[in-house]
Amino acid sequence: MRIRAISMALPGAVALSALCLPAAAQAAERPGATAGLDSFAARSVHPETSLGSMKFSKAVVNGGKDIVLGTTTKQSVTVTYTATSSSGVALTEAFLWQGTDSSSPDTISGSLGTDDDPACTESTTQTGVYACKAVFHINAASDLKNNGVAGTWKLFLGGFDLYADASYDDDVATTHIKKASKLTADATPEPVKKGRTITVTGSLKRADWNKGTYTGYGRQGVLLQYRKKGSTTYTTLKKVTSSTSGALKTTTTATADGYYRFSFATNTTTAASTATGDYVDVK
């Protein structure tokens with residue numbers, strides 16, 4: 001984590017004009033906000049041990065839940081945090097980003113900005129302590145196309161105090177932005193005699209933000225599950241691995257009327273999904 005600061009000794013109206021720049025003026029055109037993030041970070045002085053007077057804490061992204069996006073998902077993601085400064089808080093900025101160094105566009109692989117400056121309200125009981133909220137309006141079809149990858153994203157927070165001193169922390173919190181997944185299942189034959197073999201086929205796909213479609217997700221572990229007619233609980237029969245194209249195929253023995261489905265658990269890049277159960281009548 002790096003915290004940097006820059007002191008801009010700007011008098012009166014000049015200082016106010018610097019502080020009142022809207023987020024839109026600092027953000028790059030979508031997709032991404034790399035230019036805006038880099039613009040803010042570049043104002044800070046080196047070396048990296050320089051400390052800002054404004055501190056950021058208690059950051060929570062999307063209520064602590066993963067951000068799951070399909071190919072056309074439009075989602076508003078709320079980030080809450082606390083900004084603390086004995087010199088007051090004039091405004092703050094928020095970005096979600098991937099990379100190794102937020103101050104260089106060459107090392108930022110993905111970034112997302114807010115449409116508006118975060119809203120910050122000072123505590124009525126603690127001077128200099130502000131509760132802030134930023135909202136990211138994410139459109140997967142445009143904002144994630146060729147902009148970062150699924151996985152871990154960092155939260156960058158920066159701000160100006162009332163004396164035009166800037167501070168930032170480029171790793172206040174992390175979140176996972178994941179690709180939505182889809183599963184199908186088809187059990188045959190229907191009907192089938194008790195004791196005979198049932199073949200269950202299907203496919204596992206996940207969102208491809210660059211192509212704008214769902215593509216096969218290969219070499220992934222998927223569970224074959226069964227629910228007996230009249231029951232509300234699925235039990236796991238076996239684990240199946242998807243082919244390189246995401247195809248699934250396995251067999252099981254018919255015992256009683258019931259439903260068969262595939263279930264995929266989440267990982268660091270892809271959200272969980274479960275196929276609709278396919279009913280088989282056992283004679």
# chains A, B, ... in the order shown; residues from 1 in each chain; ligands from 1
$ select_by_dssp --residues "range 11-240 of chain A" --states "alpha helix (DSSP H)" --output "PyMOL selection string"
chain A and resi 12-19+23-26+34-42+140-143
$ closest_atom_pairs --of "range 147-237 of chain A" --to "range 78-90 of chain A" --cutoff "10 Å" --atoms "only C-alpha atoms" --output "JSON lines"
{"residue": "A:Leu155", "atom": "CA", "partner": "A:Val79", "partner_atom": "CA", "distance": 9.1}
{"residue": "A:Leu157", "atom": "CA", "partner": "A:Tyr81", "partner_atom": "CA", "distance": 9.2}
{"residue": "A:Gly158", "atom": "CA", "partner": "A:Ala83", "partner_atom": "CA", "distance": 9.3}
{"residue": "A:Gly159", "atom": "CA", "partner": "A:Val89", "partner_atom": "CA", "distance": 7.2}
{"residue": "A:Phe160", "atom": "CA", "partner": "A:Ala90", "partner_atom": "CA", "distance": 5.5}
{"residue": "A:Asp161", "atom": "CA", "partner": "A:Val89", "partner_atom": "CA", "distance": 4.3}
{"residue": "A:Leu162", "atom": "CA", "partner": "A:Ala90", "partner_atom": "CA", "distance": 5.2}
{"residue": "A:Tyr163", "atom": "CA", "partner": "A:Ser87", "partner_atom": "CA", "distance": 7.0}
{"residue": "A:Ala164", "atom": "CA", "partner": "A:Ala90", "partner_atom": "CA", "distance": 8.0}
{"residue": "A:Asp165", "atom": "CA", "partner": "A:Ser87", "partner_atom": "CA", "distance": 8.9}
{"residue": "A:Ala166", "atom": "CA", "partner": "A:Val89", "partner_atom": "CA", "distance": 10.0}
{"residue": "A:Val172", "atom": "CA", "partner": "A:Tyr81", "partner_atom": "CA", "distance": 9.3}
{"residue": "A:Ala173", "atom": "CA", "partner": "A:Tyr81", "partner_atom": "CA", "distance": 9.8}
$ write_last_selection --atoms "N, CA, C and O atoms" --output "compact mmCIF listing (two decimals), in the first residue's frame"
# COMPACT_ATOMS: atom_id res chain seq x y z
N LEU A 155 -9.14 -0.97 -4.78
CA LEU A 155 -9.85 0.30 -4.62
C LEU A 155 -8.85 1.41 -4.37
O LEU A 155 -8.08 1.36 -3.42
N LEU A 157 -8.44 5.38 -3.53
CA LEU A 157 -9.14 6.53 -2.98
C LEU A 157 -8.18 7.70 -2.86
O LEU A 157 -7.04 7.53 -2.40
N GLY A 158 -8.61 8.85 -3.30
CA GLY A 158 -7.81 10.06 -3.17
C GLY A 158 -8.69 11.21 -2.74
O GLY A 158 -9.91 11.13 -2.80
N GLY A 159 -8.06 12.30 -2.30
CA GLY A 159 -8.87 13.44 -1.89
C GLY A 159 -8.05 14.69 -1.64
O GLY A 159 -6.82 14.64 -1.53
N PHE A 160 -8.75 15.81 -1.58
CA PHE A 160 -8.16 17.11 -1.25
C PHE A 160 -8.76 17.61 0.05
O PHE A 160 -9.98 17.53 0.25
N ASP A 161 -7.89 18.15 0.92
CA ASP A 161 -8.43 18.78 2.12
C ASP A 161 -8.75 20.25 1.81
O ASP A 161 -8.62 20.70 0.67
N LEU A 162 -9.16 20.99 2.81
CA LEU A 162 -9.60 22.37 2.59
C LEU A 162 -8.44 23.32 2.28
O LEU A 162 -8.68 24.48 1.91
N TYR A 163 -7.21 22.86 2.41
CA TYR A 163 -6.03 23.66 2.07
C TYR A 163 -5.43 23.22 0.74
O TYR A 163 -4.31 23.59 0.40
N ALA A 164 -6.15 22.43 -0.01
CA ALA A 164 -5.73 21.95 -1.33
C ALA A 164 -4.57 20.98 -1.27
O ALA A 164 -3.84 20.83 -2.23
N ASP A 165 -4.38 20.32 -0.12
CA ASP A 165 -3.39 19.27 -0.02
C ASP A 165 -4.03 17.95 -0.49
O ASP A 165 -5.14 17.61 -0.07
N ALA A 166 -3.34 17.24 -1.36
CA ALA A 166 -3.87 16.00 -1.92
C ALA A 166 -3.23 14.78 -1.27
O ALA A 166 -2.04 14.77 -0.96
N VAL A 172 -6.77 0.56 -0.81
CA VAL A 172 -7.54 0.66 0.42
C VAL A 172 -8.29 -0.63 0.70
O VAL A 172 -8.44 -1.05 1.85
N ALA A 173 -8.79 -1.26 -0.35
CA ALA A 173 -9.53 -2.51 -0.23
C ALA A 173 -9.47 -3.24 -1.56
O ALA A 173 -9.02 -2.68 -2.57
$ atom_distance --atom1 "CA of Thr72 in chain A" --atom2 "CA of Ala272 in chain A"
17.7 Å
$ select_by_dssp --residues "range 121-260 of chain A" --states "strand (DSSP E)" --output "PyMOL selection string"
chain A and resi 121-122+129-139+151-160+165-179+181-188+197-208+213-216+221-228+235-241+247-253+258-260
$ closest_residue --among "A:Thr276, A:Thr199, A:Asn139, A:Ser167" --to "Thr252 in chain A" --atoms "only C-alpha atoms"
A:Thr199
$ closest_residue --among "A:Leu223, A:Val129, A:Ala271, A:Val280" --to "Ser57 in chain A" --atoms "only C-alpha atoms"
A:Val129
$ residues_around --residues "Arg227 in chain A" --least-positions-apart "3" --cutoff "8 Å" --atoms "only C-alpha atoms" --output "PyMOL selection string"
chain A and resi 231-235+258-260
$ atom_distance --atom1 "CA of Trp153 in chain A" --atom2 "CA of His137 in chain A"
15.7 Å
$ residues_around --residues "Gly218 in chain A" --least-positions-apart "4" --cutoff "6 Å" --atoms "only C-alpha atoms" --output "VMD selection string"
chain A and resid 242 to 246
$ atom_distance --atom1 "CA of Ser109 in chain A" --atom2 "CA of Leu91 in chain A"
26.0 Å
$ closest_residue --among "A:Lys65, A:Lys182, A:Lys154, A:Lys145" --to "Trp209 in chain A" --atoms "only C-alpha atoms"
A:Lys145
$ residues_around --residues "range 149-152 of chain A" --least-positions-apart "6" --cutoff "12 Å" --atoms "only C-alpha atoms" --output "number ranges by chain"
A: 66-70, 96-99, 108-112, 140, 143, 171, 173-180, 206-210, 266-271
$ closest_residue --among "A:Tyr226, A:Phe95, A:Tyr130, A:Phe262" --to "Gly202 in chain A" --atoms "only C-alpha atoms"
A:Phe262
$ closest_residue --among "A:Thr241, A:Ser273, A:Thr213, A:Lys194" --to "Thr255 in chain A" --atoms "only C-alpha atoms"
A:Lys194
